[in-house]
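Asks: One structure is given below, represented as structure tokens, and several questions about it will come after.
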Amino acid sequence: MCGILGWLGQHPPEANHNFGVALDLLAHRGPDDRGIFTAPGVLLGHRRLAILDLSQAGHQPMIDPVSGAVIIFNGEIYNHVELRSELQNLGHRFSGHSDSEVLLHALIEWEDEALSRLNGMWAFAFWQPAKQRLLLARDRFGVKPLYYRLGPGGLAFASEPKALLALFPEHRAVSEPALLNFLGNNLLYSEGDSFYRGIHVLPPAHYTFYEPGNLQLSLRRYWDYPNAPDKTLTAEAAIEQFDALFTDAVRLRLRSDVPVGLTLSGGLDSTRVLAAASAASPQPLTCFTSVYGNGEIGELPWAQMASKAANAPLIPVAAPPEDWLNTLRKISWHMDGPGYSPAVYPLWHLMQRARADNIPVLLEGQGADEALAGYPQYAVLAFLEYLSGKSGQRRTLSGVQTRMNALRKSFSLRWTLTWLAREISPGLLRWHRRRVGFHSFMRKGITLPQPPDDEENRRDNDMVRQRLLADHSRAILPGLLHYGDAISMAHGIETRHPFMDYRLVEWMFSMPSNLRFHRGEIKWVLREYLRSHGQGAIGNRPDKKGYPTPVGKWLGTQQGREAEALLLDPHSLLHQWCDPIKIKQLIEQNRRGVLSAEHHLYKLLSTQLWLNECIERRGAL
């Protein structure tokens, strides 16, 4: 888990110095080591967070002494032990025990065909001097970021845009299509563009070759979601297969030469990770959970229950309300873009505490909701499918009652009715967006893009599966992974996601619709595991909260007044797109507690802080 930077092309005389300065902007991602490889027309840099093989044998850029091939790598290859054994049988020899060295030899042996053998998260560059060719690749789900710019001066790429901006300051300008797609549709990088004009994002599950002098990249996909569900899968087999796959995913993600901990909310997902990790780890894993400094206990009682059952130490980490605005300024710089989730604030403090306690690896439950249908919209869709007869299941009065009871147990009446209205009447949703959504804040003449068509995900008639595919690949999970990576790496913390093991993801997207909400239960297969492994209270937990963040209350404080002043500043760049009169109306709505006002206001504030910190650099770190 590190930071990488590369530049292939015509370098001016000051390039080496500027490259070193740009690389050190990524020092937070790799505080343990630094290295630069230079060759004519080639600069490759690495900042290392040492997790496996803490010796100099894990130093990067890593160079193969036989072929001269070079790798810079950000991420983890969890099945490196098995791959090492296979490569040794093919005649490869190793000097250390890092996964980076295994990846280097795997690429020498198989080149791009190695990608399908890797289980992990990665963004890497592999330079072959004999072929004068570079391979860039990103993991299947985009857990690790990779940005690039291609133009005069050649190809440059990095783990974060800020390093590219140091080399090519002309890109410090807003990409309007990306910004408007974010404001209108909550989408990050939907067209392969970052929030900076001319800086692009290598899509998940893609790779590309580059030869110096070529001004084009041909992106190639090496993995995709399964085409159809396995309708022969039974409930008994589902429990057994899920258990085996998840247990192995956790086992692989416990491989580390430094301490491993866990983020714990007390919900189904993180508790499932804790249960499997506790069974596999020889010593208890320290757990961290977020609490708030204003008397709100949030998820703490559930986290305490989960940690006690697993005999795991639990550290509550306060997210103090008195410093949220200044912290959000720092977060904006690290995210290199705006965000829609205030959960970044408690996460910042949690990661900061884990680093202070010298636990640089944390397991997380990210990725379960978007594959196992944990949000209310999926349950509502499944209910509507059942009512319409499209689910293929026989409709009965008891079946309707069971599903209604499951909805009431898991989600609030307000959210259930909201999603029912959205799904029953798309026209009502469009009207709502024009009246109170971001369409209503835009200056006259500015039109927000329409949500992208989901045609590519319509592989069958299962409406829930279609929505899950869209949310997992584009609409929800990419944003969560983006801010999770940015906040954890801001403190030199590596987060690992067992639910993102590609074998498990393929299995979850092969689950037939009748098992997704078996017996009317949300995340039935997760609950069954917890009930059978000493976590029955959480397995039967009826509600879903996630990490609630009282941003509405914070916006009502003195810092909230400062935030409002930022949004209404007559010199604000945000006013190029958003009407300040309508922003002021939104502020008043938030003070009155109007539904969704705090969400819209936070999103605008996050955008404003990014413009200040990264475009105008008013408070550049």
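Identifiers in this document derive from the order of the structure tokens: chains are assigned A, B, ..., residues are numbered from 1 separately in each chain, and ligands are numbered from 1 in order of occurrence.
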Would you list, as a VMD selection string, the residues of segment 183-387 of chain A that end up in strand (DSSP E) under DSSP run on this structure's backbone?
Replies: chain A and resid 200 to 201 206 to 210 220 to 221 260 to 263 287 to 292 314 to 319 361 to 363
Asks: Mind checking DSSP for segment 342-373 of chain A and telling me the alpha helix (DSSP H) residues as a VMD selection string?
Replies: chain A and resid 344 to 356 369 to 372
Asks: So that I can see what lies close to Pro338 of chain A, please list as a ChimeraX atom specification the residues with an atom at most 10 Å from it, counting only C-alpha atoms and leaving out residues fewer than 6 positions away in the same chain.
Replies: /A:179,182-183,188,195,331-332,483,602-611
Asks: Only N, CA, C and O atoms, please: the residues just picked out, written as a PDB file, in the first residue's frame.
Replies:
ATOM      1  N   LEU A 179     -17.560  17.571 -12.750  1.00  0.00           N
ATOM      2  CA  LEU A 179     -18.188  18.249 -11.621  1.00  0.00           C
ATOM      3  C   LEU A 179     -19.712  18.199 -11.725  1.00  0.00           C
ATOM      4  O   LEU A 179     -20.404  17.918 -10.742  1.00  0.00           O
ATOM      5  N   PHE A 182     -21.084  14.862 -10.940  1.00  0.00           N
ATOM      6  CA  PHE A 182     -21.078  14.632  -9.501  1.00  0.00           C
ATOM      7  C   PHE A 182     -22.254  15.343  -8.835  1.00  0.00           C
ATOM      8  O   PHE A 182     -22.991  14.749  -8.039  1.00  0.00           O
ATOM      9  N   LEU A 183     -22.439  16.621  -9.151  1.00  0.00           N
ATOM     10  CA  LEU A 183     -23.516  17.378  -8.532  1.00  0.00           C
ATOM     11  C   LEU A 183     -24.885  16.802  -8.885  1.00  0.00           C
ATOM     12  O   LEU A 183     -25.767  16.676  -8.036  1.00  0.00           O
ATOM     13  N   LEU A 188     -18.750   9.612  -9.608  1.00  0.00           N
ATOM     14  CA  LEU A 188     -17.339   9.943  -9.666  1.00  0.00           C
ATOM     15  C   LEU A 188     -16.728   9.272 -10.888  1.00  0.00           C
ATOM     16  O   LEU A 188     -16.889   8.063 -11.080  1.00  0.00           O
ATOM     17  N   PHE A 195     -11.664  15.216 -11.537  1.00  0.00           N
ATOM     18  CA  PHE A 195     -12.241  16.553 -11.401  1.00  0.00           C
ATOM     19  C   PHE A 195     -11.328  17.634 -11.969  1.00  0.00           C
ATOM     20  O   PHE A 195     -11.691  18.806 -11.970  1.00  0.00           O
ATOM     21  N   ILE A 331      -9.273  17.131   4.497  1.00  0.00           N
ATOM     22  CA  ILE A 331      -9.835  15.990   3.768  1.00  0.00           C
ATOM     23  C   ILE A 331     -10.002  16.318   2.287  1.00  0.00           C
ATOM     24  O   ILE A 331      -9.726  15.480   1.417  1.00  0.00           O
ATOM     25  N   SER A 332     -10.431  17.549   1.981  1.00  0.00           N
ATOM     26  CA  SER A 332     -10.599  17.955   0.582  1.00  0.00           C
ATOM     27  C   SER A 332      -9.286  17.849  -0.180  1.00  0.00           C
ATOM     28  O   SER A 332      -9.257  17.417  -1.337  1.00  0.00           O
ATOM     29  N   TYR A 483     -13.230   7.630  -1.207  1.00  0.00           N
ATOM     30  CA  TYR A 483     -12.955   8.382   0.015  1.00  0.00           C
ATOM     31  C   TYR A 483     -12.312   7.482   1.070  1.00  0.00           C
ATOM     32  O   TYR A 483     -11.505   7.942   1.885  1.00  0.00           O
ATOM     33  N   TYR A 602     -24.203  19.806   2.590  1.00  0.00           N
ATOM     34  CA  TYR A 602     -22.877  19.199   2.787  1.00  0.00           C
ATOM     35  C   TYR A 602     -22.169  18.987   1.454  1.00  0.00           C
ATOM     36  O   TYR A 602     -20.972  19.237   1.318  1.00  0.00           O
ATOM     37  N   LYS A 603     -22.913  18.526   0.471  1.00  0.00           N
ATOM     38  CA  LYS A 603     -22.324  18.267  -0.845  1.00  0.00           C
ATOM     39  C   LYS A 603     -21.786  19.554  -1.467  1.00  0.00           C
ATOM     40  O   LYS A 603     -20.692  19.569  -2.056  1.00  0.00           O
ATOM     41  N   LEU A 604     -22.536  20.646  -1.337  1.00  0.00           N
ATOM     42  CA  LEU A 604     -22.059  21.945  -1.828  1.00  0.00           C
ATOM     43  C   LEU A 604     -20.829  22.400  -1.054  1.00  0.00           C
ATOM     44  O   LEU A 604     -19.873  22.928  -1.642  1.00  0.00           O
ATOM     45  N   LEU A 605     -20.851  22.213   0.261  1.00  0.00           N
ATOM     46  CA  LEU A 605     -19.713  22.627   1.076  1.00  0.00           C
ATOM     47  C   LEU A 605     -18.465  21.832   0.704  1.00  0.00           C
ATOM     48  O   LEU A 605     -17.365  22.397   0.589  1.00  0.00           O
ATOM     49  N   SER A 606     -18.619  20.535   0.511  1.00  0.00           N
ATOM     50  CA  SER A 606     -17.477  19.713   0.118  1.00  0.00           C
ATOM     51  C   SER A 606     -16.896  20.190  -1.214  1.00  0.00           C
ATOM     52  O   SER A 606     -15.666  20.246  -1.391  1.00  0.00           O
ATOM     53  N   THR A 607     -17.772  20.554  -2.147  1.00  0.00           N
ATOM     54  CA  THR A 607     -17.314  21.076  -3.439  1.00  0.00           C
ATOM     55  C   THR A 607     -16.601  22.408  -3.256  1.00  0.00           C
ATOM     56  O   THR A 607     -15.535  22.641  -3.854  1.00  0.00           O
ATOM     57  N   GLN A 608     -17.166  23.271  -2.421  1.00  0.00           N
ATOM     58  CA  GLN A 608     -16.558  24.579  -2.181  1.00  0.00           C
ATOM     59  C   GLN A 608     -15.169  24.434  -1.551  1.00  0.00           C
ATOM     60  O   GLN A 608     -14.225  25.125  -1.941  1.00  0.00           O
ATOM     61  N   LEU A 609     -15.024  23.552  -0.585  1.00  0.00           N
ATOM     62  CA  LEU A 609     -13.733  23.366   0.070  1.00  0.00           C
ATOM     63  C   LEU A 609     -12.698  22.823  -0.907  1.00  0.00           C
ATOM     64  O   LEU A 609     -11.529  23.230  -0.876  1.00  0.00           O
ATOM     65  N   TRP A 610     -13.107  21.915  -1.782  1.00  0.00           N
ATOM     66  CA  TRP A 610     -12.162  21.409  -2.790  1.00  0.00           C
ATOM     67  C   TRP A 610     -11.725  22.527  -3.727  1.00  0.00           C
ATOM     68  O   TRP A 610     -10.535  22.645  -4.056  1.00  0.00           O
ATOM     69  N   LEU A 611     -12.660  23.351  -4.159  1.00  0.00           N
ATOM     70  CA  LEU A 611     -12.292  24.476  -5.029  1.00  0.00           C
ATOM     71  C   LEU A 611     -11.299  25.389  -4.323  1.00  0.00           C
ATOM     72  O   LEU A 611     -10.320  25.860  -4.931  1.00  0.00           O
TER      73      LEU A 611
END
Asks: Give me, as a PyMOL selection string, all polymer residues having an atom no more than 9 Å from segment 277-287 of chain A, counting only C-alpha atoms and skipping those fewer than 3 positions away in the same chain.
Replies: chain A and resi 247+250-251+254+259-264+272-274+303+307+310-316+359+362-363
Asks: Pick from A:Gly41, A:Gly484, A:Gly6, A:Pro204: nearest to Leu167 of chain A, with only C-alpha atoms counted?
Replies: A:Gly6
Asks: Given only C-alpha atoms as the basis, pick out the residue of A:Arg34, A:Arg503, A:Lys144, A:Lys444 nearest to Asn74 of chain A.
Replies: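 Smallest separation from Asn74 of chain A among the options: A:Lys144.
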Asks: Please identify all polymer residues within 9 Å of Ser513 of chain A, counting only C-alpha atoms, omitting same-chain residues fewer than 4 positions from it, and present them as a list in words.
Replies: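 Residues meeting the cut-off are Pro229, Lys231, Ala382, Ser391, Asp462, Val464, Arg465, Phe517 and His518 of chain A.
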Asks: Please produce a file of those selected residues containing N, CA and C atoms, as a PDB file, in the first residue's frame.
Replies:
ATOM      1  N   PRO A 229     -27.362 -15.297 -12.988  1.00  0.00           N
ATOM      2  CA  PRO A 229     -27.361 -15.990 -11.691  1.00  0.00           C
ATOM      3  C   PRO A 229     -27.398 -17.496 -11.856  1.00  0.00           C
ATOM      4  N   LYS A 231     -29.326 -20.342 -10.932  1.00  0.00           N
ATOM      5  CA  LYS A 231     -30.671 -20.628 -10.429  1.00  0.00           C
ATOM      6  C   LYS A 231     -30.791 -22.018  -9.808  1.00  0.00           C
ATOM      7  N   ALA A 382     -37.345  -5.508  -4.769  1.00  0.00           N
ATOM      8  CA  ALA A 382     -37.714  -6.922  -4.652  1.00  0.00           C
ATOM      9  C   ALA A 382     -39.188  -7.066  -4.293  1.00  0.00           C
ATOM     10  N   SER A 391     -40.965 -11.762 -10.198  1.00  0.00           N
ATOM     11  CA  SER A 391     -39.908 -12.472  -9.470  1.00  0.00           C
ATOM     12  C   SER A 391     -39.910 -13.974  -9.777  1.00  0.00           C
ATOM     13  N   ASP A 462     -33.922  -9.591 -13.833  1.00  0.00           N
ATOM     14  CA  ASP A 462     -33.858  -9.385 -12.386  1.00  0.00           C
ATOM     15  C   ASP A 462     -33.552  -7.912 -12.108  1.00  0.00           C
ATOM     16  N   VAL A 464     -33.450  -6.215  -9.308  1.00  0.00           N
ATOM     17  CA  VAL A 464     -32.548  -5.985  -8.176  1.00  0.00           C
ATOM     18  C   VAL A 464     -31.106  -6.219  -8.600  1.00  0.00           C
ATOM     19  N   ARG A 465     -30.881  -7.286  -9.337  1.00  0.00           N
ATOM     20  CA  ARG A 465     -29.522  -7.576  -9.786  1.00  0.00           C
ATOM     21  C   ARG A 465     -29.002  -6.480 -10.714  1.00  0.00           C
ATOM     22  N   PHE A 517     -33.258 -12.391  -0.654  1.00  0.00           N
ATOM     23  CA  PHE A 517     -34.105 -12.009   0.477  1.00  0.00           C
ATOM     24  C   PHE A 517     -34.827 -13.255   0.997  1.00  0.00           C
ATOM     25  N   HIS A 518     -34.077 -14.284   1.275  1.00  0.00           N
ATOM     26  CA  HIS A 518     -34.664 -15.554   1.705  1.00  0.00           C
ATOM     27  C   HIS A 518     -35.433 -15.352   3.010  1.00  0.00           C
TER      28      HIS A 518
END
Asks: Can you work out which one of A:Leu164, A:Ile581, A:Ile446, A:Leu134 has the shortest atom-to-atom distance to Val21 of chain A, counting only C-alpha atoms?
Replies: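 The closest residue to Val21 of chain A is A:Leu164.
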Asks: Which residue, A:Leu107, A:Ala123, A:Leu504, A:Leu146, has the smallest gap to Asp193 of chain A when you use only C-alpha atoms?
Replies: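 Among A:Leu107, A:Ala123, A:Leu504, A:Leu146, it is A:Leu146 that comes nearest to Asp193 of chain A.
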Asks: If you measure from atom CA of His497 of chain A to atom CA of Glu364 of chain A, what distance in Å do you get, rounded to one decimal?
Replies: 5.2 Å
Asks: Give the answer as one residue: which of A:Tyr386, A:Gly445, A:Pro542, A:Trp348 has the shortest atom-to-atom distance to Asn405 of chain A, using only C-alpha atoms?
Replies: A:Pro542
Asks: Would you pick out the contacts of Asp24 of chain A at 9 Å or less, using only C-alpha atoms, so that residues sharing its chain but fewer than 4 positions from it are not included, and give the list as a CSV table (one decimal) with C-alpha atoms, in the first residue's frame?
Replies:
chain,number,residue,atom,x,y,z
A,19,PHE,CA,9.7,14.8,-10.1
A,20,GLY,CA,11.1,14.4,-6.6
A,28,HIS,CA,1.5,10.3,3.4
A,34,ARG,CA,11.3,6.5,-1.0
A,47,ARG,CA,6.7,6.0,-1.6
A,163,ALA,CA,1.4,14.8,-7.9
Asks: Restricting the calculation to only C-alpha atoms, which member of A:Trp324, A:Phe288, A:Tyr78, A:Phe209 is positioned closest to Arg117 of chain A?
Replies: A:Tyr78
Asks: Could you jot down the atom CA of Leu468 of chain A to atom CA of Ala371 of chain A separation for me, Å, one decimal place?
Replies: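 If I compute the distance from atom CA of Leu468 of chain A to atom CA of Ala371 of chain A, I get 6.1 Å.
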Asks: Within 12 Å of segment 234-236 of chain A, counting only C-alpha atoms, which residues qualify if same-chain residues fewer than 2 places away don't, as a PDB file with N, CA and C atoms, in the first residue's frame?
Replies:
ATOM      1  N   ASP A 230     -26.966 -18.172 -10.792  1.00  0.00           N
ATOM      2  CA  ASP A 230     -27.009 -19.634 -10.758  1.00  0.00           C
ATOM      3  C   ASP A 230     -28.337 -20.042 -10.124  1.00  0.00           C
ATOM      4  N   LYS A 231     -29.326 -20.342 -10.932  1.00  0.00           N
ATOM      5  CA  LYS A 231     -30.671 -20.628 -10.429  1.00  0.00           C
ATOM      6  C   LYS A 231     -30.791 -22.018  -9.808  1.00  0.00           C
ATOM      7  N   THR A 232     -29.715 -22.803  -9.863  1.00  0.00           N
ATOM      8  CA  THR A 232     -29.746 -24.132  -9.230  1.00  0.00           C
ATOM      9  C   THR A 232     -29.276 -24.078  -7.779  1.00  0.00           C
ATOM     10  N   ALA A 238     -25.912 -22.390  -0.456  1.00  0.00           N
ATOM     11  CA  ALA A 238     -25.516 -20.989  -0.382  1.00  0.00           C
ATOM     12  C   ALA A 238     -24.798 -20.684   0.924  1.00  0.00           C
ATOM     13  N   ILE A 239     -25.327 -21.171   2.035  1.00  0.00           N
ATOM     14  CA  ILE A 239     -24.685 -20.951   3.333  1.00  0.00           C
ATOM     15  C   ILE A 239     -23.288 -21.557   3.360  1.00  0.00           C
ATOM     16  N   GLU A 240     -23.174 -22.768   2.874  1.00  0.00           N
ATOM     17  CA  GLU A 240     -21.885 -23.470   2.878  1.00  0.00           C
ATOM     18  C   GLU A 240     -20.870 -22.766   1.978  1.00  0.00           C
ATOM     19  N   GLN A 241     -21.279 -22.397   0.774  1.00  0.00           N
ATOM     20  CA  GLN A 241     -20.345 -21.776  -0.172  1.00  0.00           C
ATOM     21  C   GLN A 241     -19.928 -20.374   0.287  1.00  0.00           C
ATOM     22  N   PHE A 242     -20.895 -19.613   0.783  1.00  0.00           N
ATOM     23  CA  PHE A 242     -20.560 -18.268   1.268  1.00  0.00           C
ATOM     24  C   PHE A 242     -19.574 -18.348   2.431  1.00  0.00           C
ATOM     25  N   ASP A 243     -19.829 -19.253   3.346  1.00  0.00           N
ATOM     26  CA  ASP A 243     -18.940 -19.425   4.499  1.00  0.00           C
ATOM     27  C   ASP A 243     -17.520 -19.737   4.041  1.00  0.00           C
ATOM     28  N   MET A 511     -25.841 -15.210  -7.142  1.00  0.00           N
ATOM     29  CA  MET A 511     -26.914 -15.650  -6.258  1.00  0.00           C
ATOM     30  C   MET A 511     -28.273 -15.397  -6.905  1.00  0.00           C
ATOM     31  N   PRO A 512     -29.147 -16.379  -6.934  1.00  0.00           N
ATOM     32  CA  PRO A 512     -30.477 -16.168  -7.530  1.00  0.00           C
ATOM     33  C   PRO A 512     -31.330 -15.263  -6.647  1.00  0.00           C
ATOM     34  N   SER A 513     -32.321 -14.633  -7.252  1.00  0.00           N
ATOM     35  CA  SER A 513     -33.137 -13.637  -6.559  1.00  0.00           C
ATOM     36  C   SER A 513     -33.891 -14.223  -5.361  1.00  0.00           C
ATOM     37  N   ASN A 514     -34.294 -15.476  -5.435  1.00  0.00           N
ATOM     38  CA  ASN A 514     -35.071 -16.049  -4.332  1.00  0.00           C
ATOM     39  C   ASN A 514     -34.253 -16.235  -3.060  1.00  0.00           C
ATOM     40  N   LEU A 515     -32.897 -16.202  -3.170  1.00  0.00           N
ATOM     41  CA  LEU A 515     -32.047 -16.330  -1.987  1.00  0.00           C
ATOM     42  C   LEU A 515     -31.533 -14.982  -1.485  1.00  0.00           C
ATOM     43  N   ARG A 516     -31.681 -13.966  -2.300  1.00  0.00           N
ATOM     44  CA  ARG A 516     -31.179 -12.656  -1.882  1.00  0.00           C
ATOM     45  C   ARG A 516     -31.955 -12.143  -0.672  1.00  0.00           C
ATOM     46  N   PHE A 517     -33.258 -12.391  -0.654  1.00  0.00           N
ATOM     47  CA  PHE A 517     -34.105 -12.009   0.477  1.00  0.00           C
ATOM     48  C   PHE A 517     -34.827 -13.255   0.997  1.00  0.00           C
ATOM     49  N   HIS A 518     -34.077 -14.284   1.275  1.00  0.00           N
ATOM     50  CA  HIS A 518     -34.664 -15.554   1.705  1.00  0.00           C
ATOM     51  C   HIS A 518     -35.433 -15.352   3.010  1.00  0.00           C
ATOM     52  N   ARG A 519     -36.624 -15.917   3.077  1.00  0.00           N
ATOM     53  CA  ARG A 519     -37.513 -15.773   4.237  1.00  0.00           C
ATOM     54  C   ARG A 519     -37.827 -14.307   4.531  1.00  0.00           C
ATOM     55  N   TRP A 524     -29.820 -12.206   4.191  1.00  0.00           N
ATOM     56  CA  TRP A 524     -30.097 -13.457   4.884  1.00  0.00           C
ATOM     57  C   TRP A 524     -28.850 -14.303   5.087  1.00  0.00           C
ATOM     58  N   VAL A 525     -28.014 -14.435   4.072  1.00  0.00           N
ATOM     59  CA  VAL A 525     -26.864 -15.331   4.153  1.00  0.00           C
ATOM     60  C   VAL A 525     -25.860 -14.838   5.193  1.00  0.00           C
ATOM     61  N   GLU A 528     -27.411 -15.652   8.749  1.00  0.00           N
ATOM     62  CA  GLU A 528     -27.308 -17.062   9.102  1.00  0.00           C
ATOM     63  C   GLU A 528     -25.921 -17.381   9.660  1.00  0.00           C
ATOM     64  N   TYR A 529     -24.901 -16.818   9.054  1.00  0.00           N
ATOM     65  CA  TYR A 529     -23.544 -17.067   9.560  1.00  0.00           C
ATOM     66  C   TYR A 529     -23.395 -16.534  10.980  1.00  0.00           C
TER      67      TYR A 529
END
Asks: Interatomic distance between atom CA of Thr557 of chain A and atom CA of Glu598 of chain A?
Replies: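 One can read the atom CA of Thr557 of chain A to atom CA of Glu598 of chain A distance as 13.2 Å.
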